[in-house]
>>> print(open('coords_9.cif').read())   # mmCIF, C-alpha atoms and all ligand atoms
data_target
loop_
_atom_site.label_atom_id
_atom_site.label_comp_id
_atom_site.auth_asym_id
_atom_site.auth_seq_id
_atom_site.Cartn_x
_atom_site.Cartn_y
_atom_site.Cartn_z
CA MET A 6 10.76 31.32 -14.79
CA SER A 7 8.84 28.55 -13.05
CA ALA A 8 7.20 29.27 -9.67
CA LEU A 9 8.13 25.76 -8.59
CA THR A 10 11.14 25.00 -6.41
CA VAL A 11 11.35 21.39 -7.61
CA PRO A 12 11.74 21.57 -11.40
CA PHE A 13 8.38 20.55 -12.93
CA GLY A 14 7.22 19.78 -9.35
CA ILE A 15 8.49 16.21 -9.61
CA SER A 16 11.86 14.60 -8.92
CA SER A 17 11.61 11.77 -11.47
CA SER A 18 10.55 12.65 -15.00
CA ALA A 19 9.35 9.05 -15.46
CA ARG A 20 6.52 9.81 -13.02
CA SER A 21 5.22 12.99 -14.60
CA LEU A 22 1.80 13.06 -16.27
CA PRO A 23 1.15 15.86 -18.78
CA LYS A 24 -1.57 18.43 -18.20
CA LEU A 25 -4.96 17.34 -19.54
CA ASP A 26 -7.59 19.91 -20.58
CA GLY A 27 -5.43 22.52 -18.86
CA GLU A 28 -5.32 20.63 -15.56
CA ASP A 29 -2.31 19.27 -13.72
CA PHE A 30 -2.51 15.87 -12.08
CA VAL A 31 -1.24 16.05 -8.52
CA VAL A 32 -1.98 13.25 -6.06
CA ALA A 33 -3.19 14.15 -2.58
CA ARG A 34 -3.76 10.60 -1.30
CA SER A 35 -3.65 7.01 -2.49
CA LYS A 36 -5.48 4.01 -1.06
CA GLY A 37 -6.03 0.51 -2.43
CA ALA A 38 -6.45 0.72 -6.20
CA ARG A 39 -7.34 4.45 -6.18
CA LEU A 40 -5.56 7.77 -6.48
CA PHE A 41 -7.21 10.92 -5.10
CA ASN A 42 -6.05 14.15 -6.72
CA THR A 43 -5.81 17.60 -5.20
CA GLU A 44 -9.09 18.53 -6.92
CA GLY A 45 -10.88 15.81 -4.92
CA ARG A 46 -11.46 13.42 -7.85
CA ASN A 47 -10.58 9.75 -7.55
CA PHE A 48 -9.11 7.54 -10.26
CA VAL A 49 -8.59 3.82 -10.73
CA ASP A 50 -4.82 3.48 -10.90
CA TYR A 51 -2.89 1.34 -13.40
CA GLY A 52 0.46 3.06 -12.80
CA MET A 53 0.57 1.59 -9.27
CA ALA A 54 3.72 3.64 -8.57
CA MET A 55 5.46 2.10 -11.62
CA GLY A 56 4.82 -1.29 -10.08
CA ALA A 57 6.01 -0.36 -6.61
CA THR A 58 2.83 -1.59 -5.04
CA LEU A 59 1.38 -5.01 -5.75
CA LEU A 60 -0.87 -5.24 -2.70
CA GLY A 61 -2.47 -1.84 -3.29
CA HIS A 62 -1.67 1.62 -1.96
CA ALA A 63 -1.29 1.93 1.82
CA HIS A 64 -1.95 -1.74 2.53
CA PRO A 65 -3.03 -1.93 6.21
CA ALA A 66 -0.62 -4.75 7.16
CA VAL A 67 2.36 -2.82 5.74
CA VAL A 68 1.24 0.48 7.26
CA GLU A 69 0.87 -1.15 10.68
CA ALA A 70 4.31 -2.79 10.47
CA CYS A 71 5.92 0.50 9.40
CA ILE A 72 4.28 2.50 12.19
CA ALA A 73 5.58 -0.03 14.72
CA ALA A 74 9.08 0.22 13.18
CA LEU A 75 9.00 4.04 13.25
CA GLU A 76 7.94 4.07 16.87
CA ASN A 77 10.64 1.55 17.73
CA GLY A 78 13.33 3.64 16.00
CA PRO A 79 13.63 3.50 12.20
CA MET A 80 17.40 4.05 11.96
CA PRO A 81 19.37 2.58 14.84
CA GLY A 82 22.39 2.04 12.62
CA PHE A 83 24.46 -1.08 13.39
CA SER A 84 22.90 -4.48 12.94
CA ASN A 85 19.17 -4.59 13.62
CA ALA A 86 16.94 -7.48 14.63
CA ILE A 87 14.63 -7.33 11.59
CA GLU A 88 17.16 -7.23 8.73
CA ASP A 89 18.14 -10.90 8.54
CA PRO A 90 14.58 -12.25 9.05
CA ALA A 91 13.45 -9.90 6.26
CA GLY A 92 16.29 -11.18 4.05
CA ALA A 93 15.27 -14.78 4.79
CA ALA A 94 11.61 -14.04 4.00
CA LEU A 95 12.63 -12.38 0.74
CA ALA A 96 15.02 -15.17 -0.22
CA ARG A 97 12.02 -17.52 -0.39
CA ILE A 98 11.66 -16.03 -3.89
CA GLY A 99 14.99 -17.65 -4.86
CA GLY A 100 13.94 -21.17 -3.85
CA GLU A 101 16.66 -23.70 -3.03
CA ARG A 102 19.28 -22.35 -5.46
CA VAL A 103 19.33 -18.57 -4.96
CA THR A 104 19.51 -18.38 -1.19
CA ARG A 105 21.50 -15.26 -0.24
CA ALA A 106 20.18 -11.69 0.05
CA THR A 107 21.39 -8.19 0.78
CA PHE A 108 19.40 -4.96 0.80
CA ALA A 109 19.65 -1.66 -1.08
CA THR A 110 17.27 1.29 -1.26
CA THR A 111 16.42 1.55 -4.97
CA GLY A 112 16.38 -0.80 -7.94
CA THR A 113 19.14 1.28 -9.51
CA GLU A 114 21.40 0.66 -6.52
CA ALA A 115 20.57 -3.06 -6.53
CA VAL A 116 21.65 -3.30 -10.19
CA HIS A 117 24.78 -1.30 -9.40
CA LEU A 118 25.65 -3.70 -6.57
CA ALA A 119 24.85 -6.82 -8.62
CA CYS A 120 27.21 -5.61 -11.36
CA ARG A 121 29.91 -4.97 -8.77
CA ILE A 122 29.46 -8.47 -7.31
CA ALA A 123 29.63 -10.01 -10.79
CA ARG A 124 32.82 -8.11 -11.57
CA GLY A 125 34.32 -9.12 -8.22
CA ALA A 126 33.36 -12.77 -8.67
CA THR A 127 34.69 -13.09 -12.22
CA GLY A 128 37.58 -10.61 -12.23
CA ARG A 129 36.17 -9.30 -15.52
CA ARG A 130 34.89 -5.85 -16.42
CA LEU A 131 32.20 -5.95 -19.08
CA ILE A 132 28.42 -6.16 -18.46
CA ALA A 133 26.15 -6.88 -21.45
CA LYS A 134 22.63 -5.53 -21.06
CA ALA A 135 19.63 -6.02 -23.32
CA VAL A 136 18.77 -3.42 -25.96
CA GLY A 137 15.48 -1.87 -24.80
CA GLY A 138 16.03 -3.01 -21.22
CA TYR A 139 15.76 -0.49 -18.39
CA ASP A 140 17.97 -1.35 -15.44
CA GLY A 141 18.12 1.95 -13.58
CA TRP A 142 19.40 5.43 -14.11
CA PHE A 143 23.11 5.31 -13.21
CA ASP A 144 25.24 6.28 -16.20
CA PRO A 145 26.73 2.95 -17.33
CA VAL A 146 23.36 1.17 -17.61
CA ARG A 147 21.37 4.17 -18.83
CA PHE A 148 22.40 2.91 -22.22
CA GLY A 149 20.59 1.13 -25.04
CA LEU A 150 17.20 2.35 -23.76
CA THR A 151 14.16 2.33 -26.03
CA GLY A 152 14.47 5.07 -28.62
CA SER A 153 18.18 5.72 -27.90
CA PRO A 154 20.62 5.98 -30.82
CA GLU A 155 22.74 3.09 -29.52
CA ALA A 156 19.69 0.79 -29.56
CA GLU A 157 19.69 1.08 -33.35
CA ARG A 158 21.31 -1.76 -35.27
CA GLY A 159 24.84 -0.77 -36.31
CA ASN A 160 28.01 -2.34 -37.62
CA GLN A 161 29.78 -2.16 -34.32
CA ARG A 162 28.49 -3.24 -30.92
CA PRO A 163 28.31 -0.11 -28.73
CA VAL A 164 30.31 -0.02 -25.48
CA LYS A 165 30.07 2.62 -22.75
CA GLU A 166 31.76 2.68 -19.33
CA GLY A 167 32.10 -1.11 -19.12
CA THR A 168 28.64 -1.84 -20.53
CA THR A 169 27.77 -3.28 -23.92
CA LEU A 170 24.50 -4.40 -25.51
CA PHE A 171 22.87 -7.53 -26.89
CA ARG A 172 19.51 -8.21 -28.56
CA VAL A 173 16.89 -10.51 -27.05
CA ASN A 174 15.53 -13.34 -29.20
CA GLU A 175 18.53 -13.03 -31.54
CA THR A 176 20.89 -15.97 -30.94
CA ALA A 177 23.27 -14.91 -33.72
CA ASP A 178 23.80 -11.64 -31.86
CA VAL A 179 24.48 -13.53 -28.62
CA ASP A 180 26.98 -15.79 -30.44
CA GLN A 181 28.78 -12.75 -31.81
CA LEU A 182 28.84 -11.15 -28.35
CA PHE A 183 30.50 -14.18 -26.73
CA ASP A 184 32.83 -14.77 -29.66
CA GLU A 185 34.08 -11.18 -29.73
CA MET A 186 33.90 -10.09 -26.09
CA GLY A 187 33.52 -13.31 -24.08
CA GLU A 188 36.93 -13.09 -22.42
CA ASP A 189 36.03 -9.88 -20.61
CA LEU A 190 32.32 -10.59 -20.08
CA ALA A 191 31.51 -10.55 -16.35
CA ALA A 192 27.72 -10.69 -16.63
CA ILE A 193 24.64 -10.69 -18.76
CA LEU A 194 22.10 -8.25 -17.30
CA VAL A 195 18.56 -8.86 -18.51
CA GLU A 196 14.95 -8.48 -17.39
CA PRO A 197 12.88 -11.68 -17.70
CA MET A 198 10.21 -9.45 -19.26
CA LEU A 199 11.39 -6.24 -20.94
CA GLY A 200 8.92 -3.97 -19.19
CA ASN A 201 10.07 -0.84 -20.96
CA THR A 202 9.90 -2.48 -24.37
CA GLY A 203 6.15 -2.92 -24.02
CA CYS A 204 6.33 -6.06 -21.85
CA LEU A 205 8.27 -8.13 -24.37
CA VAL A 206 8.82 -11.63 -22.94
CA PRO A 207 11.81 -13.35 -24.62
CA ASP A 208 11.32 -16.95 -25.79
CA ARG A 209 12.19 -19.81 -23.44
CA ALA A 210 14.53 -21.26 -26.09
CA PHE A 211 16.40 -17.94 -26.20
CA PHE A 212 16.77 -17.77 -22.43
CA GLU A 213 17.94 -21.39 -22.28
CA TYR A 214 20.52 -20.68 -24.98
CA LEU A 215 21.69 -17.52 -23.22
CA THR A 216 22.08 -19.47 -19.96
CA GLN A 217 24.05 -22.19 -21.69
CA ARG A 218 26.44 -19.76 -23.42
CA ALA A 219 26.95 -17.75 -20.22
CA ARG A 220 27.66 -20.87 -18.16
CA ALA A 221 30.13 -22.22 -20.70
CA ASN A 222 31.94 -18.87 -20.69
CA GLY A 223 32.06 -18.37 -16.90
CA THR A 224 29.84 -15.28 -17.30
CA LEU A 225 27.29 -14.66 -14.53
CA ILE A 226 23.64 -13.94 -15.23
CA ILE A 227 21.94 -11.06 -13.44
CA ALA A 228 18.16 -11.30 -13.78
CA ASP A 229 16.77 -7.82 -13.24
CA GLU A 230 13.45 -8.60 -11.58
CA VAL A 231 12.97 -5.11 -10.11
CA MET A 232 9.75 -4.71 -12.10
CA VAL A 233 8.45 -8.29 -12.30
CA GLY A 234 9.58 -9.57 -8.89
CA LEU A 235 6.62 -11.08 -6.97
CA ARG A 236 4.27 -10.38 -9.90
CA ARG A 237 3.97 -14.07 -10.78
CA GLY A 238 4.13 -15.51 -7.29
CA VAL A 239 6.79 -15.99 -4.62
CA ARG A 240 9.39 -17.41 -7.03
CA LEU A 241 11.86 -16.28 -9.67
CA VAL A 242 10.22 -15.17 -12.89
CA SER A 243 13.54 -15.73 -14.70
CA GLU A 244 13.76 -19.41 -13.72
CA GLU A 245 10.17 -19.97 -14.74
CA LEU A 246 11.04 -18.61 -18.20
CA GLY A 247 14.21 -20.67 -18.74
CA LEU A 248 16.87 -18.21 -17.53
CA LEU A 249 19.03 -19.46 -14.63
CA PRO A 250 20.42 -16.41 -12.80
CA ASP A 251 23.37 -16.24 -10.43
CA LEU A 252 22.21 -12.86 -9.14
CA VAL A 253 18.73 -11.34 -9.04
CA THR A 254 17.82 -7.72 -8.44
CA LEU A 255 14.52 -6.91 -6.75
CA GLY A 256 12.78 -3.68 -5.76
CA LYS A 257 9.37 -2.06 -6.15
CA ALA A 258 6.76 -4.64 -5.01
CA ILE A 259 8.94 -6.11 -2.25
CA GLY A 260 8.36 -3.04 -0.05
CA SER A 261 4.79 -2.15 -1.01
CA GLY A 262 5.73 1.47 -1.64
CA VAL A 263 8.45 1.81 1.00
CA PRO A 264 11.81 2.44 -0.70
CA VAL A 265 13.65 -0.86 -0.54
CA ALA A 266 15.46 -3.06 -3.05
CA ALA A 267 17.64 -6.14 -2.79
CA VAL A 268 20.12 -8.39 -4.51
CA LEU A 269 19.59 -12.14 -4.20
CA GLY A 270 22.31 -14.55 -5.22
CA THR A 271 23.57 -18.09 -5.20
CA PRO A 272 26.05 -18.94 -2.42
CA ALA A 273 28.77 -19.17 -5.10
CA ALA A 274 28.04 -15.67 -6.45
CA PHE A 275 27.81 -14.25 -2.92
CA GLU A 276 31.16 -15.73 -1.84
CA VAL A 277 32.89 -12.43 -2.67
CA VAL A 278 30.39 -10.60 -0.46
CA GLU A 279 30.75 -13.09 2.37
CA ASN A 280 34.56 -13.01 2.30
CA GLY A 281 34.65 -9.21 2.15
CA THR A 282 36.19 -8.91 -1.34
CA VAL A 283 33.11 -6.97 -2.45
CA PRO A 284 31.87 -4.93 0.51
CA CYS A 285 28.31 -3.59 0.59
CA PHE A 286 27.55 -0.06 1.79
CA GLY A 287 24.49 2.15 2.28
CA THR A 288 23.36 4.09 5.36
CA TYR A 289 19.72 3.13 4.88
CA HIS A 290 20.12 -0.39 3.52
CA GLY A 291 18.08 -2.92 5.49
CA ASN A 292 16.98 -0.46 8.18
CA PRO A 293 14.10 -1.59 10.45
CA LEU A 294 11.50 0.50 8.60
CA VAL A 295 12.14 -1.03 5.16
CA ALA A 296 12.86 -4.49 6.57
CA SER A 297 9.49 -4.38 8.34
CA ALA A 298 7.77 -3.43 5.08
CA VAL A 299 9.39 -6.42 3.35
CA LEU A 300 8.42 -8.81 6.17
CA ALA A 301 4.82 -7.58 6.16
CA THR A 302 4.58 -7.80 2.35
CA MET A 303 5.96 -11.33 2.28
CA ALA A 304 3.53 -12.37 5.04
CA VAL A 305 0.51 -11.05 3.09
CA LEU A 306 1.72 -12.93 -0.02
CA GLU A 307 1.57 -16.25 1.87
CA ASP A 308 -2.10 -16.22 0.85
CA LYS A 309 -2.14 -18.30 -2.36
CA LEU A 310 -5.70 -17.19 -3.08
CA LEU A 311 -4.43 -13.61 -3.40
CA TYR A 312 -2.43 -14.60 -6.48
CA ARG A 313 -5.30 -16.62 -7.95
CA ARG A 314 -7.60 -13.60 -7.63
CA LEU A 315 -4.94 -11.21 -8.97
CA PHE A 316 -4.29 -13.33 -12.08
CA ASP A 317 -8.02 -13.92 -12.77
CA TRP A 318 -8.73 -10.23 -12.40
CA GLY A 319 -5.87 -9.28 -14.73
CA ALA A 320 -6.92 -11.86 -17.33
CA ALA A 321 -10.50 -10.54 -17.24
CA LEU A 322 -9.27 -6.96 -17.68
CA ARG A 323 -7.01 -7.88 -20.62
CA GLN A 324 -9.95 -9.58 -22.32
CA ALA A 325 -12.29 -6.64 -21.64
CA MET A 326 -9.73 -4.19 -23.05
CA THR A 327 -9.23 -6.04 -26.33
CA ASP A 328 -13.00 -6.66 -26.61
CA ALA A 329 -13.67 -2.93 -26.25
CA PHE A 330 -11.39 -2.15 -29.21
CA ALA A 331 -12.68 -5.10 -31.27
CA ALA A 332 -16.22 -3.72 -30.88
CA GLU A 333 -15.00 -0.61 -32.74
CA GLY A 334 -13.19 -2.63 -35.42
CA ILE A 335 -9.73 -1.98 -33.93
CA VAL A 336 -7.35 -4.92 -33.51
CA ALA A 337 -5.58 -4.86 -30.14
CA ILE A 338 -3.60 -7.37 -28.08
CA THR A 339 -1.84 -7.35 -24.75
CA THR A 340 1.65 -8.67 -23.97
CA GLY A 341 3.24 -9.59 -20.65
CA PHE A 342 1.62 -11.21 -17.62
CA ASP A 343 -1.80 -10.94 -15.99
CA SER A 344 -0.43 -8.65 -13.25
CA VAL A 345 1.56 -6.36 -15.60
CA PHE A 346 1.02 -6.00 -19.33
CA SER A 347 1.13 -3.66 -22.32
CA LEU A 348 -1.49 -2.85 -24.92
CA TRP A 349 -0.59 -3.01 -28.62
CA PHE A 350 -2.64 -2.07 -31.67
CA THR A 351 -1.52 -5.02 -33.78
CA ASP A 352 -2.48 -8.66 -34.20
CA GLU A 353 0.92 -10.16 -33.40
CA ALA A 354 3.14 -9.60 -30.36
CA PRO A 355 6.58 -8.18 -31.16
CA ARG A 356 9.43 -10.62 -30.52
CA THR A 357 12.41 -8.30 -30.92
CA TYR A 358 13.27 -4.69 -30.12
CA ASP A 359 13.11 -3.76 -33.82
CA GLU A 360 9.66 -5.33 -34.21
CA ALA A 361 8.45 -3.57 -31.07
CA LYS A 362 9.71 -0.22 -32.31
CA ALA A 363 8.00 -0.72 -35.67
CA LYS A 364 4.68 -1.54 -34.01
CA LEU A 365 4.57 1.49 -31.68
CA GLN A 366 1.51 3.72 -32.02
CA PRO A 367 2.36 6.70 -29.77
CA ASP A 368 -0.55 8.89 -30.91
CA ALA A 369 -3.11 6.15 -30.29
CA THR A 370 -1.60 5.34 -26.88
CA ARG A 371 -1.74 9.01 -25.90
CA LEU A 372 -5.33 9.41 -27.07
CA VAL A 373 -6.40 6.31 -25.13
CA SER A 374 -4.65 7.38 -21.95
CA GLU A 375 -6.24 10.87 -22.17
CA SER A 376 -9.70 9.43 -22.75
CA LEU A 377 -9.26 7.02 -19.83
CA ARG A 378 -8.16 9.86 -17.55
CA ARG A 379 -11.26 11.92 -18.45
CA ASN A 380 -13.27 8.88 -17.38
CA GLY A 381 -11.59 8.17 -14.06
CA VAL A 382 -8.77 5.82 -15.02
CA ILE A 383 -5.02 6.55 -14.88
CA ALA A 384 -2.82 4.68 -17.36
CA LEU A 385 0.78 5.46 -18.28
CA PRO A 386 0.74 7.65 -21.39
CA ALA A 387 4.08 6.52 -22.87
CA ALA A 388 3.90 4.42 -26.02
CA TRP A 389 6.12 1.81 -24.36
CA GLY A 390 4.02 2.01 -21.19
CA ARG A 391 2.30 -0.74 -19.25
CA TYR A 392 -0.63 -1.47 -16.94
CA PHE A 393 0.12 -2.59 -13.40
CA ILE A 394 -2.70 -4.15 -11.43
CA SER A 395 -2.82 -4.86 -7.71
CA ALA A 396 -4.49 -7.19 -5.27
CA SER A 397 -6.76 -4.25 -4.35
CA HIS A 398 -8.39 -3.94 -7.78
CA GLY A 399 -11.91 -5.33 -7.41
CA ASP A 400 -15.38 -5.34 -8.97
CA ALA A 401 -15.97 -1.59 -8.58
CA GLU A 402 -12.65 -0.84 -10.33
CA MET A 403 -13.46 -3.32 -13.11
CA ASP A 404 -16.79 -1.55 -13.79
CA VAL A 405 -15.20 1.91 -14.01
CA THR A 406 -12.35 0.58 -16.16
CA VAL A 407 -14.46 -1.34 -18.66
CA ARG A 408 -16.74 1.68 -19.15
CA ALA A 409 -13.70 3.92 -19.62
CA PHE A 410 -12.13 1.53 -22.16
CA ARG A 411 -15.33 1.34 -24.18
CA GLN A 412 -15.33 5.13 -24.36
CA ALA A 413 -11.61 5.23 -25.19
CA ALA A 414 -12.18 2.73 -28.02
CA ARG A 415 -15.03 4.89 -29.38
CA ASP A 416 -12.82 7.99 -29.15
CA LEU A 417 -9.99 6.21 -30.93
CA ALA A 418 -12.29 4.98 -33.70
CA GLN A 419 -13.76 8.47 -34.07
CA SER A 420 -10.26 9.88 -34.52
CA GLY A 421 -10.05 7.80 -37.68
CA PHE A 422 -7.55 5.28 -36.25
CA ARG A 423 -7.91 1.76 -37.65
CA GLY A 424 -4.61 0.21 -36.47
C1 LIG B 501 13.71 -3.56 -14.47
C2 LIG B 501 14.10 -2.36 -13.66
N1 LIG B 501 15.33 -2.30 -13.14
C3 LIG B 501 15.74 -1.26 -12.39
C4 LIG B 501 14.90 -0.20 -12.15
C5 LIG B 501 15.37 0.95 -11.32
O1 LIG B 501 14.69 0.97 -10.10
P1 LIG B 501 14.57 2.35 -9.27
O2 LIG B 501 13.70 3.27 -10.04
O3 LIG B 501 13.97 1.90 -7.95
O4 LIG B 501 15.94 2.87 -9.10
C6 LIG B 501 13.60 -0.22 -12.68
C7 LIG B 501 12.68 0.91 -12.46
O5 LIG B 501 11.71 1.11 -13.14
C8 LIG B 501 13.19 -1.33 -13.45
O6 LIG B 501 11.97 -1.39 -14.00
#
>>> encode(input="coords_9.cif", output="structure tokens", more="lines below")
Ligand SMILES: Cc1ncc(COP(=O)(O)O)c(C=O)c1O
Amino acid sequence: MSALTVPFGISSSARSLPKLDGEDFVVARSKGARLFNTEGRNFVDYGMAMGATLLGHAHPAVVEACIAALENGPMPGFSNAIEDPAGAALARIGGERVTRATFATTGTEAVHLACRIARGATGRRLIAKAVGGYDGWFDPVRFGLTGSPEAERGNQRPVKEGTTLFRVNETADVDQLFDEMGEDLAAILVEPMLGNTGCLVPDRAFFEYLTQRARANGTLIIADEVMVGLRRGVRLVSEELGLLPDLVTLGKAIGSGVPVAAVLGTPAAFEVVENGTVPCFGTYHGNPLVASAVLATMAVLEDKLLYRRLFDWGAALRQAMTDAFAAEGIVAITTGFDSVFSLWFTDEAPRTYDEAKAKLQPDATRLVSESLRRNGVIALPAAWGRYFISASHGDAEMDVTVRAFRQAARDLAQSGFRG
């Protein structure tokens, strides 16, 4: 029997790192781009709380705003003076089209609420989510995940608790979905970049086609931007990539590590919220503590130079990573964006879930992540994993990381791996 009260010592299995050389990895403190473990060692972090911090751990502006909110009373209940200003600051992401906002606590809840709004607005039941997409852990959408049996190609489209699946970059599959199930299709739920399918970014032509079919069918589009929100600037990633959402879910980076999520929507989609047909609940939603974290985060992101530096830094890291493997004769590429990307040992980025699955190299990914960890760098060990960078990663972190990648590439080559 385990001596731990919390099974495995961690409440989300997605966050657990395996033992390495007999040692557990338990974080005592995090600051900027670094994690400090209970053994006193520090590591350059590329997990960045699964993307939940874009500014860096414990950003001073967010910490200061949260302390003030705590001292002022974090949970007054009722309406509070910070909630609507925080919503307005956040809605800047939606531009002139997606102008309404409401808060939740986690990305999972935001997706749950967005689905409920879509069902209320259309009077239909079915939500179609992308195969390989991760949209939270509540039962109906914990479906079609990478490696799941229902993600496999079959004769019949799987349906579970009002959710069905479609395949990105496959227009014939989308046609079949609308032809067979269009009448009951309330919403398409899709990430602009499939973060859990190794940062697969669907083609613009596919997203434009999906938008056109959804519009023609009266089906709403929910862009799940919980992972990518704010990672390409203060704007919608979906719109930039050709997908025109009616509803957008956000989480992670919007609170800089404080648990807060949100649903943005067009006035038309939010009509059912505004007229009370679809009520929103949640004791903690939009409380002064989380609203202050959102306001402070959005204020820091006013600095356009921050994004320029973030993207340049990420581009330099991606290049250094692939160069390190090339020096050992190993072909590697990265997919995704400069602020969040995946590493593949192949010369061509996968375009579909099936291609991505075929190109996975779990043993190589594990070996690289273990080698990096021995050399002071934390990267997610899962084969479908990704690297999150932050505005706090600087020259010192680049030096440590490049050295660690050169060693990881040598270790991988020495293991006999050639790609
Ligand atoms: C795209 C996406 N949607 C939803 C979620 C669920 O968010 P949370 O873990 O805050 O519930 C995640 C979490 O990783 C995500 O990446």
>>> residues_near_ligand(input="coords_9.cif", ligand="ligand LIG 501 (chain B)", cutoff="6 Å", atoms="all atoms listed in the file", output="compact mmCIF listing (two decimals) with C-alpha atoms, in the frame of the given file")
# COMPACT_ATOMS: atom_id res chain seq x y z
CA THR A 111 16.42 1.55 -4.97
CA GLY A 112 16.38 -0.80 -7.94
CA THR A 113 19.14 1.28 -9.51
CA TYR A 139 15.76 -0.49 -18.39
CA ASP A 140 17.97 -1.35 -15.44
CA GLY A 141 18.12 1.95 -13.58
CA GLU A 196 14.95 -8.48 -17.39
CA ASP A 229 16.77 -7.82 -13.24
CA GLU A 230 13.45 -8.60 -11.58
CA VAL A 231 12.97 -5.11 -10.11
CA MET A 232 9.75 -4.71 -12.10
>>> residues_around(input="coords_9.cif", residues="His290 (chain A)", least_positions_apart="6", cutoff="7 Å", atoms="only C-alpha atoms", output="VMD selection string")
chain A and resid 108 to 110
>>> atom_distance(input="coords_9.cif", atom1="CA of Ser347 (chain A)", atom2="CA of Arg158 (chain A)")
24.1 Å
>>> residues_around(input="coords_9.cif", residues="Asn292 (chain A)", least_positions_apart="2", cutoff="9 Å", atoms="only C-alpha atoms", output="list in words")
Pro79, Met80, Pro81, Gly82, Ser84, Asn85, Ile87, Glu88, Phe108, Thr288, Tyr289, His290, Leu294, Val295, Ala296 and Ser297 of chain A
>>> residues_around(input="coords_9.cif", residues="Ala274 (chain A)", least_positions_apart="3", cutoff="9 Å", atoms="all atoms listed in the file", output="short mmCIF file (atom, residue, chain, number, x, y, z; two decimals) with C-alpha atoms, keeping the file's coordinate frame")
data_model
loop_
_atom_site.label_atom_id
_atom_site.label_comp_id
_atom_site.auth_asym_id
_atom_site.auth_seq_id
_atom_site.Cartn_x
_atom_site.Cartn_y
_atom_site.Cartn_z
CA ILE A 122 29.46 -8.47 -7.31
CA ALA A 123 29.63 -10.01 -10.79
CA ALA A 126 33.36 -12.77 -8.67
CA LEU A 225 27.29 -14.66 -14.53
CA ASP A 251 23.37 -16.24 -10.43
CA LEU A 252 22.21 -12.86 -9.14
CA GLY A 270 22.31 -14.55 -5.22
CA THR A 271 23.57 -18.09 -5.20
CA VAL A 277 32.89 -12.43 -2.67
CA VAL A 278 30.39 -10.60 -0.46
#
>>> closest_residue(input="coords_9.cif", among="A:Val283, A:Val265, A:Val103, A:Ile132", to="Ala115 (chain A)", atoms="only C-alpha atoms")
A:Val265
>>> residues_around(input="coords_9.cif", residues="Phe422 (chain A)", least_positions_apart="3", cutoff="9 Å", atoms="only C-alpha atoms", output="PDB file with C-alpha atoms, in the coordinates of the input")
ATOM      1  CA  ILE A 335      -9.730  -1.980 -33.930  1.00  0.00           C
ATOM      2  CA  ALA A 369      -3.110   6.150 -30.290  1.00  0.00           C
ATOM      3  CA  LEU A 417      -9.990   6.210 -30.930  1.00  0.00           C
ATOM      4  CA  ALA A 418     -12.290   4.980 -33.700  1.00  0.00           C
ATOM      5  CA  GLN A 419     -13.760   8.470 -34.070  1.00  0.00           C
TER       6      GLN A 419
END
>>> atom_distance(input="coords_9.cif", atom1="CA of Arg371 (chain A)", atom2="CA of Leu385 (chain A)")
8.8 Å
>>> atom_distance(input="coords_9.cif", atom1="CA of Ile193 (chain A)", atom2="CA of Leu248 (chain A)")
10.9 Å
>>> residues_around(input="coords_9.cif", residues="Gln412 (chain A)", least_positions_apart="2", cutoff="12 Å", atoms="only C-alpha atoms", output="list in words")
Met326, Ala329, Phe330, Ala332, Glu333, Leu372, Val373, Ser374, Glu375, Ser376, Leu377, Arg378, Arg379, Asn380, Gly381, Val382, Val405, Thr406, Val407, Arg408, Ala409, Phe410, Ala414, Arg415, Asp416, Leu417, Ala418 and Gln419 of chain A
>>> closest_residue(input="coords_9.cif", among="A:Gly138, A:Gly99, A:Pro197, A:Pro90", to="Leu241 (chain A)", atoms="only C-alpha atoms")
A:Gly99
>>> closest_residue(input="coords_9.cif", among="A:His64, A:Arg313, A:His117, A:Lys24", to="Lys36 (chain A)", atoms="all atoms listed in the file")
A:His64
>>> decode(input="coords_9.cif", residues="region 196-200 of chain A", atoms="N, CA, C and O atoms", output="PDB file, in the first residue's frame")
ATOM      1  N   GLU A 196      -9.896  22.458 -31.777  1.00  0.00           N
ATOM      2  CA  GLU A 196      -8.766  23.327 -31.427  1.00  0.00           C
ATOM      3  C   GLU A 196      -8.154  23.868 -32.725  1.00  0.00           C
ATOM      4  O   GLU A 196      -7.977  23.091 -33.671  1.00  0.00           O
ATOM      5  N   PRO A 197      -7.771  25.135 -32.759  1.00  0.00           N
ATOM      6  CA  PRO A 197      -7.101  25.661 -33.962  1.00  0.00           C
ATOM      7  C   PRO A 197      -5.775  24.950 -34.225  1.00  0.00           C
ATOM      8  O   PRO A 197      -5.344  24.829 -35.359  1.00  0.00           O
ATOM      9  N   MET A 198      -5.135  24.497 -33.172  1.00  0.00           N
ATOM     10  CA  MET A 198      -3.941  23.655 -33.287  1.00  0.00           C
ATOM     11  C   MET A 198      -4.164  22.473 -32.353  1.00  0.00           C
ATOM     12  O   MET A 198      -4.418  22.679 -31.163  1.00  0.00           O
ATOM     13  N   LEU A 199      -4.115  21.251 -32.891  1.00  0.00           N
ATOM     14  CA  LEU A 199      -4.371  20.075 -32.050  1.00  0.00           C
ATOM     15  C   LEU A 199      -3.133  19.817 -31.188  1.00  0.00           C
ATOM     16  O   LEU A 199      -2.205  19.102 -31.580  1.00  0.00           O
ATOM     17  N   GLY A 200      -3.149  20.442 -30.021  1.00  0.00           N
ATOM     18  CA  GLY A 200      -1.980  20.387 -29.140  1.00  0.00           C
ATOM     19  C   GLY A 200      -1.634  18.984 -28.709  1.00  0.00           C
ATOM     20  O   GLY A 200      -0.457  18.632 -28.574  1.00  0.00           O
TER      21      GLY A 200
END
